[in-house]
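The file query-v4.cif contains mmCIF, C-alpha atoms:
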```cif
data_input
#
loop_
_atom_site.label_atom_id
_atom_site.label_comp_id
_atom_site.auth_asym_id
_atom_site.auth_seq_id
_atom_site.Cartn_x
_atom_site.Cartn_y
_atom_site.Cartn_z
CA MET C 1167 72.36 -31.28 125.24
CA LEU C 1168 70.22 -28.19 124.99
CA LEU C 1169 68.04 -29.95 122.50
CA ASP C 1170 67.55 -32.93 124.82
CA LEU C 1171 66.58 -30.70 127.72
CA SER C 1172 64.04 -28.81 125.70
CA LYS C 1173 62.59 -32.14 124.56
CA LEU C 1174 62.22 -33.21 128.19
CA PHE C 1175 60.23 -30.12 128.95
CA GLY C 1176 58.03 -30.61 125.95
CA LYS C 1177 59.25 -27.48 124.25
CA SER C 1178 60.88 -29.12 121.27
CA LYS C 1179 60.09 -27.66 117.91
CA ASN C 1180 61.12 -29.11 114.60
CA SER C 1181 63.65 -27.00 112.79
CA LYS C 1182 61.37 -26.92 109.77
CA ASP C 1183 58.65 -25.28 111.87
CA LEU C 1184 61.15 -22.65 112.87
CA ALA C 1185 62.10 -22.19 109.21
CA LYS C 1186 58.47 -21.80 108.24
CA GLU C 1187 57.77 -19.31 110.98
CA ARG C 1188 60.80 -17.20 110.13
CA LEU C 1189 60.00 -17.30 106.45
CA LYS C 1190 56.45 -16.15 106.99
CA LEU C 1191 57.64 -13.18 108.99
CA VAL C 1192 60.34 -12.16 106.56
CA LEU C 1193 58.02 -12.51 103.58
CA ILE C 1194 55.50 -10.13 105.08
CA HIS C 1195 58.19 -7.48 105.07
CA ASP C 1196 59.36 -8.46 101.58
CA ARG C 1197 55.87 -8.49 100.13
CA ALA C 1198 54.76 -5.27 101.78
CA ASN C 1199 57.87 -3.68 100.33
CA VAL C 1200 58.09 -1.07 103.05
CA SER C 1201 61.23 0.96 103.18
CA PRO C 1202 62.50 2.65 106.34
CA GLN C 1203 61.73 5.99 104.63
CA PHE C 1204 58.12 4.91 104.17
CA LEU C 1205 57.83 4.07 107.86
CA GLU C 1206 59.43 7.40 108.78
CA MET C 1207 56.81 9.19 106.71
CA VAL C 1208 53.99 7.27 108.39
CA LYS C 1209 55.55 8.01 111.76
CA GLY C 1210 55.76 11.73 111.03
CA GLU C 1211 52.12 11.90 109.99
CA ILE C 1212 50.93 9.96 113.02
CA ILE C 1213 52.84 12.27 115.36
CA LYS C 1214 51.32 15.28 113.63
CA VAL C 1215 47.76 14.03 114.13
CA ILE C 1216 48.17 12.74 117.66
CA SER C 1217 49.98 15.88 118.78
CA ASN C 1218 46.74 17.78 118.27
CA TYR C 1219 45.24 15.84 121.15
CA MET C 1220 48.10 14.76 123.34
CA ASP C 1221 51.72 15.38 124.10
CA VAL C 1222 53.73 12.35 122.95
CA ASP C 1223 57.32 11.30 123.47
CA GLU C 1224 58.54 11.51 119.89
CA ASP C 1225 61.97 10.07 120.57
CA SER C 1226 60.76 6.79 121.99
CA LEU C 1227 57.97 6.34 119.47
CA ASP C 1228 58.33 2.95 117.83
CA ILE C 1229 56.52 1.90 114.70
CA GLN C 1230 56.97 -1.30 112.69
CA MET C 1231 55.40 -3.73 110.27
CA THR C 1232 54.71 -7.06 111.86
CA ARG C 1233 52.20 -9.85 111.54
CA THR C 1234 49.26 -10.94 113.60
CA LYS C 1235 46.57 -13.61 113.54
CA SER C 1236 43.57 -12.57 111.52
CA GLU C 1237 40.21 -12.30 113.27
CA ASP C 1238 39.11 -15.77 112.26
CA GLY C 1239 42.36 -17.03 113.78
CA ASP C 1240 43.32 -19.13 110.78
CA SER C 1241 45.59 -16.95 108.77
CA VAL C 1242 48.32 -14.51 109.51
CA VAL C 1243 47.93 -10.95 108.31
CA PRO C 1244 50.34 -8.05 108.26
CA ALA C 1245 49.85 -5.39 110.89
CA LEU C 1246 51.22 -1.97 111.62
CA VAL C 1247 52.16 -1.79 115.27
CA ALA C 1248 52.88 1.57 116.86
CA ASN C 1249 54.01 2.11 120.42
CA ILE C 1250 53.44 5.78 121.27
CA PRO C 1251 54.31 6.88 124.81
CA ILE C 1252 52.02 9.70 125.97
CA ARG C 1253 53.38 12.48 128.19
CA SER C 1254 50.11 14.21 128.81
CA VAL C 1255 46.65 14.58 127.31
CA LYS C 1256 45.69 18.05 126.16
CA ASN C 1257 42.46 19.45 127.50
CA SER C 1258 41.43 21.36 124.43
CA GLY C 1259 39.54 18.36 123.09
CA LYS C 1260 36.89 18.49 125.81
CA MET X 237 51.68 -24.40 68.83
CA SER X 238 54.96 -23.60 70.48
CA GLU X 239 55.66 -22.49 74.01
CA VAL X 240 58.39 -20.38 75.53
CA ILE X 241 59.10 -21.40 79.13
CA VAL X 242 61.57 -19.59 81.38
CA ILE X 243 63.22 -21.49 84.24
CA THR X 244 64.10 -19.08 87.02
CA SER X 245 64.69 -18.99 90.78
CA GLY X 246 66.18 -15.76 92.07
CA LYS X 247 68.73 -17.57 94.19
CA GLY X 248 71.72 -19.18 92.52
CA GLY X 249 72.67 -22.81 92.87
CA VAL X 250 69.20 -24.27 93.33
CA GLY X 251 69.28 -26.19 90.05
CA LYS X 252 67.94 -23.96 87.27
CA THR X 253 70.45 -25.18 84.72
CA THR X 254 70.09 -28.84 85.71
CA THR X 255 66.33 -28.46 85.50
CA THR X 256 66.51 -26.82 82.08
CA ALA X 257 68.79 -29.58 80.78
CA ASN X 258 66.61 -32.37 82.13
CA ILE X 259 63.25 -30.99 81.10
CA GLY X 260 64.61 -30.12 77.66
CA THR X 261 66.08 -33.58 77.15
CA GLY X 262 62.90 -35.12 78.54
CA LEU X 263 60.76 -33.22 76.03
CA ALA X 264 63.06 -34.28 73.19
CA LEU X 265 62.74 -37.91 74.32
CA GLN X 266 58.98 -37.45 74.02
CA GLY X 267 59.49 -36.54 70.38
CA LYS X 268 59.27 -32.76 70.71
CA LYS X 269 61.42 -30.23 68.92
CA VAL X 270 63.20 -28.33 71.66
CA VAL X 271 65.69 -25.49 71.92
CA LEU X 272 67.42 -24.59 75.18
CA ILE X 273 68.64 -21.01 75.50
CA ASP X 274 71.29 -20.19 78.10
CA THR X 275 70.84 -16.51 79.02
CA ASP X 276 73.47 -16.44 81.74
CA ILE X 277 75.90 -14.25 79.81
CA GLY X 278 79.43 -14.46 81.18
CA LEU X 279 78.67 -17.45 83.40
CA ARG X 280 77.40 -20.00 80.93
CA ASN X 281 76.95 -23.53 82.16
CA LEU X 282 74.11 -25.17 80.29
CA ASP X 283 76.64 -26.23 77.63
CA VAL X 284 78.75 -28.26 80.10
CA VAL X 285 75.74 -29.71 81.89
CA MET X 286 74.50 -30.88 78.47
CA GLY X 287 77.96 -32.10 77.45
CA LEU X 288 77.99 -29.82 74.40
CA GLU X 289 80.76 -27.43 75.45
CA ASN X 290 83.13 -28.51 72.70
CA ARG X 291 80.76 -27.70 69.89
CA ILE X 292 80.17 -23.98 70.45
CA VAL X 293 80.95 -21.71 67.53
CA TYR X 294 78.48 -18.84 67.84
CA ASP X 295 76.41 -17.78 70.86
CA LEU X 296 73.33 -15.88 71.98
CA VAL X 297 75.00 -12.47 71.71
CA ASP X 298 76.14 -13.23 68.14
CA VAL X 299 72.54 -14.01 67.23
CA ILE X 300 71.11 -10.93 68.97
CA GLU X 301 73.71 -8.66 67.38
CA GLY X 302 73.22 -10.23 63.97
CA THR X 303 76.78 -11.53 63.67
CA CYS X 304 75.35 -14.86 62.55
CA ARG X 305 72.03 -16.43 61.67
CA ILE X 306 70.09 -18.31 64.37
CA LYS X 307 70.63 -21.66 62.63
CA GLN X 308 74.40 -21.17 62.66
CA ALA X 309 74.45 -20.71 66.44
CA LEU X 310 72.14 -23.62 67.31
CA ILE X 311 74.01 -26.73 68.44
CA LYS X 312 72.18 -29.88 67.47
CA ASP X 313 72.40 -32.56 70.15
CA LYS X 314 73.27 -35.70 68.22
CA ARG X 315 72.18 -38.01 71.04
CA PHE X 316 68.60 -36.75 71.23
CA GLU X 317 66.59 -36.14 68.10
CA GLY X 318 65.06 -32.67 68.03
CA LEU X 319 67.15 -31.17 70.85
CA HIS X 320 69.15 -27.97 70.29
CA LEU X 321 71.17 -25.58 72.44
CA LEU X 322 71.75 -21.89 71.99
CA PRO X 323 74.69 -21.19 74.33
CA ALA X 324 75.33 -17.96 76.20
CA ALA X 325 78.33 -15.78 75.42
CA GLN X 326 81.12 -16.26 77.90
CA THR X 327 83.21 -13.17 77.28
CA ARG X 328 80.51 -10.52 77.21
CA ASP X 329 78.22 -9.05 79.86
CA LYS X 330 74.49 -8.93 80.30
CA SER X 331 74.16 -5.52 78.68
CA ALA X 332 74.90 -7.16 75.30
CA VAL X 333 71.34 -8.52 75.32
CA ASN X 334 68.10 -6.61 75.80
CA PRO X 335 64.47 -7.66 76.31
CA GLU X 336 63.45 -6.58 72.80
CA GLY X 337 66.15 -8.77 71.28
CA MET X 338 64.98 -11.74 73.32
CA ILE X 339 61.34 -11.25 72.34
CA LYS X 340 62.31 -11.13 68.67
CA LEU X 341 64.51 -14.23 69.01
CA CYS X 342 61.78 -16.22 70.77
CA GLU X 343 59.25 -15.25 68.11
CA GLU X 344 61.54 -16.48 65.35
CA LEU X 345 62.29 -19.74 67.16
CA ARG X 346 58.58 -20.45 67.51
CA ASN X 347 58.47 -21.25 63.82
CA ASP X 348 60.79 -24.22 64.19
CA PHE X 349 60.32 -25.54 67.72
CA ASP X 350 57.61 -26.95 69.99
CA TYR X 351 59.34 -25.84 73.17
CA ILE X 352 61.77 -23.02 73.80
CA LEU X 353 63.27 -23.33 77.29
CA ILE X 354 65.12 -20.35 78.71
CA ASP X 355 67.68 -20.91 81.46
CA CYS X 356 67.60 -17.67 83.49
CA PRO X 357 70.61 -16.33 85.40
CA ALA X 358 70.40 -15.87 89.18
CA GLY X 359 69.37 -12.46 90.43
CA ILE X 360 66.66 -9.96 89.53
CA GLU X 361 68.70 -7.60 87.38
CA GLN X 362 69.11 -7.16 83.63
CA GLY X 363 69.77 -10.85 82.97
CA PHE X 364 66.50 -11.81 84.63
CA LYS X 365 64.59 -9.16 82.68
CA ASN X 366 66.09 -10.41 79.43
CA ALA X 367 65.30 -14.03 80.22
CA ILE X 368 61.63 -13.49 81.02
CA ALA X 369 60.91 -10.99 78.24
CA GLY X 370 59.84 -13.45 75.56
CA ALA X 371 58.36 -16.14 77.82
CA ASP X 372 54.77 -17.42 77.85
CA ARG X 373 55.08 -19.14 81.18
CA ALA X 374 57.55 -19.63 84.00
CA ILE X 375 58.83 -22.40 86.21
CA VAL X 376 60.24 -21.23 89.54
CA VAL X 377 62.85 -23.58 90.98
CA THR X 378 63.44 -23.64 94.72
CA THR X 379 64.93 -25.92 97.37
CA PRO X 380 63.53 -26.54 100.87
CA GLU X 381 65.72 -23.85 102.43
CA VAL X 382 64.65 -20.50 103.82
CA SER X 383 66.95 -18.51 101.53
CA ALA X 384 65.77 -20.23 98.34
CA VAL X 385 62.09 -20.03 99.29
CA ARG X 386 62.42 -16.37 100.18
CA ASP X 387 64.00 -15.59 96.82
CA ALA X 388 61.38 -17.69 95.04
CA ASP X 389 58.69 -15.55 96.64
CA ARG X 390 60.36 -12.40 95.35
CA ILE X 391 60.67 -13.88 91.87
CA ILE X 392 57.02 -14.92 91.85
CA GLY X 393 56.07 -11.33 92.67
CA LEU X 394 58.29 -9.98 89.90
CA LEU X 395 56.97 -12.49 87.35
CA GLU X 396 53.41 -11.54 88.12
CA ALA X 397 54.28 -7.85 87.92
CA ASN X 398 55.66 -8.60 84.44
CA GLU X 399 52.47 -10.26 83.23
CA LEU X 400 53.82 -13.80 83.59
CA LYS X 401 50.83 -15.02 85.53
CA ASN X 402 50.46 -18.34 87.29
CA PRO X 403 54.08 -19.49 87.45
CA LYS X 404 54.64 -23.12 88.46
CA LEU X 405 56.83 -24.27 91.33
CA LEU X 406 59.50 -26.95 91.13
CA ILE X 407 60.91 -28.02 94.50
CA ASN X 408 64.38 -29.44 94.03
CA ARG X 409 66.70 -31.49 96.26
CA VAL X 410 64.10 -32.74 98.68
CA ARG X 411 65.43 -35.21 101.23
CA GLN X 412 62.73 -37.57 102.33
CA ASP X 413 64.57 -38.62 105.50
CA MET X 414 64.93 -35.02 106.67
CA VAL X 415 61.31 -34.17 105.87
CA LYS X 416 60.21 -37.20 107.90
CA ARG X 417 62.09 -36.14 110.99
CA GLY X 418 60.92 -32.57 110.71
CA ASP X 419 64.23 -31.04 109.73
CA MET X 420 63.25 -30.03 106.21
CA MET X 421 60.21 -28.20 104.98
CA SER X 422 57.88 -30.51 103.08
CA MET X 423 56.33 -29.63 99.75
CA ASP X 424 53.12 -28.83 101.66
CA ASP X 425 54.98 -26.36 103.85
CA ILE X 426 56.53 -24.63 100.86
CA ILE X 427 53.29 -24.49 98.90
CA ASP X 428 51.59 -23.13 101.98
CA ILE X 429 54.08 -20.27 102.04
CA LEU X 430 54.40 -19.50 98.33
CA ALA X 431 50.78 -20.23 97.38
CA ILE X 432 51.43 -21.25 93.76
CA ASP X 433 50.79 -24.46 91.81
CA LEU X 434 53.33 -27.23 91.88
CA ILE X 435 54.81 -28.72 88.70
CA GLY X 436 56.92 -31.28 90.53
CA VAL X 437 59.20 -32.32 93.35
CA VAL X 438 62.70 -33.60 92.61
CA PRO X 439 64.48 -35.68 95.26
CA ASP X 440 68.07 -34.99 96.22
CA ASP X 441 69.97 -37.54 94.16
CA GLU X 442 73.68 -38.29 93.89
CA LYS X 443 73.09 -39.37 90.33
CA ILE X 444 72.57 -35.73 89.37
CA ILE X 445 76.21 -35.05 90.16
CA VAL X 446 77.32 -38.18 88.32
CA SER X 447 75.26 -37.24 85.30
CA THR X 448 76.57 -33.67 85.35
CA ASN X 449 80.10 -35.07 85.55
CA LYS X 450 79.43 -36.95 82.34
CA GLY X 451 77.37 -34.29 80.61
CA GLU X 452 74.37 -36.59 80.28
CA PRO X 453 71.11 -35.35 81.82
CA ALA X 454 69.75 -37.66 84.56
CA VAL X 455 66.35 -37.77 82.87
CA THR X 456 67.84 -40.40 80.53
CA ASP X 457 68.84 -42.60 83.50
CA ASN X 458 66.06 -45.05 84.37
CA LYS X 459 67.66 -45.82 87.71
CA SER X 460 67.81 -42.21 88.88
CA ALA X 461 65.09 -41.01 91.27
CA ALA X 462 65.65 -37.42 90.16
CA GLY X 463 65.49 -38.59 86.55
CA GLU X 464 62.13 -40.19 87.23
CA ALA X 465 60.87 -36.97 88.78
CA TYR X 466 62.05 -35.02 85.73
CA ARG X 467 60.33 -37.46 83.39
CA ALA X 468 57.09 -36.89 85.29
CA ILE X 469 57.57 -33.10 85.17
CA THR X 470 58.20 -33.29 81.43
CA ARG X 471 54.89 -35.03 80.90
CA ARG X 472 53.08 -32.52 83.11
CA ILE X 473 54.51 -29.72 80.97
CA MET X 474 53.02 -31.47 77.97
CA GLY X 475 49.65 -31.35 79.69
CA GLU X 476 49.36 -34.85 81.13
CA ASP X 477 48.07 -35.55 84.62
CA VAL X 478 50.92 -37.37 86.30
CA PRO X 479 50.72 -38.07 90.05
CA LEU X 480 53.58 -36.82 92.19
CA LEU X 481 56.19 -39.15 93.64
CA ASN X 482 55.71 -39.64 97.34
CA LEU X 483 58.56 -37.88 99.04
CA GLY X 484 57.60 -38.54 102.63
CA SER X 485 55.27 -35.71 103.30
CA GLU X 486 52.70 -35.65 106.05
CA ASP X 487 49.28 -37.28 106.08
CA GLY X 488 46.77 -36.22 103.55
CA PHE X 489 49.57 -36.05 101.04
CA MET X 490 47.74 -37.54 98.08
CA PHE X 491 44.74 -35.36 98.65
CA LYS X 492 46.83 -32.22 98.63
CA ILE X 493 48.65 -33.27 95.52
CA LYS X 494 45.41 -33.72 93.70
CA LYS X 495 44.16 -30.43 95.01
CA PHE X 496 47.23 -28.57 93.85
CA LEU X 497 47.29 -30.23 90.50
CA GLY X 498 43.65 -29.43 90.00
CA LEU X 499 42.74 -33.11 89.78
CA LYS X 500 39.51 -34.43 91.26
CA VAL X 501 39.21 -32.81 94.66
CA ASN X 502 36.57 -34.46 96.82
#
```
With the file now loaded, output its structure as structure tokens.
Amino acid sequence: MLLDLSKLFGKSKNSKDLAKERLKLVLIHDRANVSPQFLEMVKGEIIKVISNYMDVDEDSLDIQMTRTKSEDGDSVVPALVANIPIRSVKNSGK
Amino acid sequence: MSEVIVITSGKGGVGKTTTTANIGTGLALQGKKVVLIDTDIGLRNLDVVMGLENRIVYDLVDVIEGTCRIKQALIKDKRFEGLHLLPAAQTRDKSAVNPEGMIKLCEELRNDFDYILIDCPAGIEQGFKNAIAGADRAIVVTTPEVSAVRDADRIIGLLEANELKNPKLLINRVRQDMVKRGDMMSMDDIIDILAIDLIGVVPDDEKIIVSTNKGEPAVTDNKSAAGEAYRAITRRIMGEDVPLLNLGSEDGFMFKIKKFLGLKVN
């Protein structure tokens, strides 16, 4: 039923496309071989550097390996995505 | 010149043993001298798939440990001239074999055989390391499922890290009807993801189960679609250019085949 509805609205996707998409994502993690400890280290260093210039919310900082379209738009490349909430910018950098 | 080929997959149950049995028998039917080595210590199965389970006296561990000579442990397949099996030990564990022992064994077998096929256990632990140690090249078996393709990718990485460059991909149990309706990844999809050369595609075939029931590899069955695919793979291993069977892929299929096989790409 759900499948039929989604077909009506033109949103149907073959299950093999879903498989391919999921595989590509999971393989980026597998191939990059990044452990949670590795990401924690990166996170710590980033906080250290950014803290020199601004006050960030360390607890809600989120950093992960993901994938994104490359610049030519053809291939998919791994990307490091960091979401760093800023509390305030320090003025010392003027 | 002899070659040592390891058949591996990472994931279990994708058809490593069946593939080893069929390619080995196929090579023997082509007049080659072949030995199949089962390295799955404790979970041996190549013997039953080959229908040779009643003839085991010595095994791989006996040879490695020097309990017997290699020739004493080799089971000669009376049905196919030139085909031999070195069975795994069933009552030992993987630690009874080490990579050095396997390298030495493969080197000695090179003197007497054209092809030495190694049936690798599932996993990436000791058994895998033993199986690939003496190999010149590798065939990675996968099926069109996310779990098997994911594990194949891991194995390809590990093979390349261990100097087994340019492994070849065998896609097993492809169902043409499912590929056509978009419910199974096609060979193009899988090659796109794994980015390695293809050695062949084997259709899902009931006859494989029938042949395993009997202990007679399907490659000897002229009516079996999987057998036909294995005969083609055998010839590709021997260096022939054999076109792939059409298993209902998308358009541009033939072109891609040629491209991936390194045949005339226009």
### Output of the PyMOL selection byres ((chain X) within 10 of (chain C)), listed as a ChimeraX atom specification
/X:380-383,385-387,389-390,393,414-415,417-422,425-426,428-430
Residues of the last selection are to be written out with C-alpha atoms, as an mmCIF file, keeping the file's coordinate frame.
```cif
data_model
loop_
_atom_site.group_PDB
_atom_site.id
_atom_site.type_symbol
_atom_site.label_atom_id
_atom_site.label_comp_id
_atom_site.auth_asym_id
_atom_site.auth_seq_id
_atom_site.Cartn_x
_atom_site.Cartn_y
_atom_site.Cartn_z
ATOM 1 C CA PRO X 380 63.530 -26.540 100.870
ATOM 2 C CA GLU X 381 65.720 -23.850 102.430
ATOM 3 C CA VAL X 382 64.650 -20.500 103.820
ATOM 4 C CA SER X 383 66.950 -18.510 101.530
ATOM 5 C CA VAL X 385 62.090 -20.030 99.290
ATOM 6 C CA ARG X 386 62.420 -16.370 100.180
ATOM 7 C CA ASP X 387 64.000 -15.590 96.820
ATOM 8 C CA ASP X 389 58.690 -15.550 96.640
ATOM 9 C CA ARG X 390 60.360 -12.400 95.350
ATOM 10 C CA GLY X 393 56.070 -11.330 92.670
ATOM 11 C CA MET X 414 64.930 -35.020 106.670
ATOM 12 C CA VAL X 415 61.310 -34.170 105.870
ATOM 13 C CA ARG X 417 62.090 -36.140 110.990
ATOM 14 C CA GLY X 418 60.920 -32.570 110.710
ATOM 15 C CA ASP X 419 64.230 -31.040 109.730
ATOM 16 C CA MET X 420 63.250 -30.030 106.210
ATOM 17 C CA MET X 421 60.210 -28.200 104.980
ATOM 18 C CA SER X 422 57.880 -30.510 103.080
ATOM 19 C CA ASP X 425 54.980 -26.360 103.850
ATOM 20 C CA ILE X 426 56.530 -24.630 100.860
ATOM 21 C CA ASP X 428 51.590 -23.130 101.980
ATOM 22 C CA ILE X 429 54.080 -20.270 102.040
ATOM 23 C CA LEU X 430 54.400 -19.500 98.330
#
```
### Query
Could you tell me, as number ranges by chain, which residues have any atom at most 12 Å from (74.8, -36.6, 84.0), counting all atoms listed in the file?
X: 254-255, 257-258, 261, 284-287, 441-457, 460, 462-463
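The interatomic distance for the pair CA of Ala468 in chain X and CA of Leu405 in chain X works out to 14.0 Å.
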#### Entry: Explicit residues for the PyMOL selection byres ((chain X and resi 432) around 8) (as a list in words)
Asn402, Pro403, Lys404, Leu405, Ile427, Leu430, Ala431, Asp433 and Leu434 of chain X
### Query
Looking at all atoms listed in the file, which of X:Gly337, X:Thr275, X:Cys342, X:Pro323 is the one that sits closest to Tyr294 in chain X?
X:Pro323
### Query
Do you know which residues the PyMOL selection byres ((chain C and resi 1250) around 7) returns on this file, as a VMD selection string?
chain C and resid 1222 1227 to 1228 1248 to 1249 1251 to 1252
### Query
Distance CA of Asn366 in chain X-CA of Ile273 in chain X, one decimal place?
11.6 Å
### Query
Which one of C:Val1255, C:Leu1191, C:Met1207, C:Ile1212 sits closest to Met1231 in chain C if you count all atoms listed in the file?
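For Met1231 in chain C, the nearest of the given residues is C:Leu1191.
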### Task
Calculate how many Å separate CA of Asn408 in chain X from CA of Gly251 in chain X, rounding to one decimal.
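Separation between CA of Asn408 in chain X and CA of Gly251 in chain X: 7.1 Å.
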#### Entry: Pick from C:Arg1253, C:Gln1230, C:Ala1245, C:Ser1217, whichever lies nearest to Gln1203 in chain C using only C-alpha atoms
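Looking at the shortest contact to Gln1203 in chain C, the residue is C:Gln1230.
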### Task
With all atoms listed in the file counted, which protein, DNA or RNA residues have an atom no more than 9 Å from (69.7, -25.0, 91.7) in the file frame? Please answer as a list in words.
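So the residues meeting the distance criterion are Ser245, Lys247, Gly248, Gly249, Val250, Gly251, Lys252, Thr253, Thr254, Thr255, Val377, Thr378, Thr379, Asn408 and Arg409 of chain X.
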Please list as a PDB file with C-alpha atoms, keeping the file's coordinate frame every residue within 8 Å of Phe349 in chain X, counting all atoms listed in the file and excluding residues in the same chain fewer than 3 positions away.
```
ATOM      1  CA  SER X 238      54.960 -23.600  70.480  1.00  0.00           C
ATOM      2  CA  LYS X 268      59.270 -32.760  70.710  1.00  0.00           C
ATOM      3  CA  LYS X 269      61.420 -30.230  68.920  1.00  0.00           C
ATOM      4  CA  VAL X 270      63.200 -28.330  71.660  1.00  0.00           C
ATOM      5  CA  VAL X 271      65.690 -25.490  71.920  1.00  0.00           C
ATOM      6  CA  LEU X 345      62.290 -19.740  67.160  1.00  0.00           C
ATOM      7  CA  ARG X 346      58.580 -20.450  67.510  1.00  0.00           C
ATOM      8  CA  ILE X 352      61.770 -23.020  73.800  1.00  0.00           C
TER       9      ILE X 352
END
```
### Query
Which residues come within 9 Å of Gly370 in chain X, counting all atoms listed in the file, excluding same-chain residues fewer than 4 positions away, as a PyMOL selection string?
chain X and resi 240-242+335-343+366
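Among the candidates C:Ile1216, C:Asp1221, C:Pro1202, C:Gly1210, the residue lying nearest to Lys1256 in chain C is C:Asp1221 (atoms considered: all atoms listed in the file).
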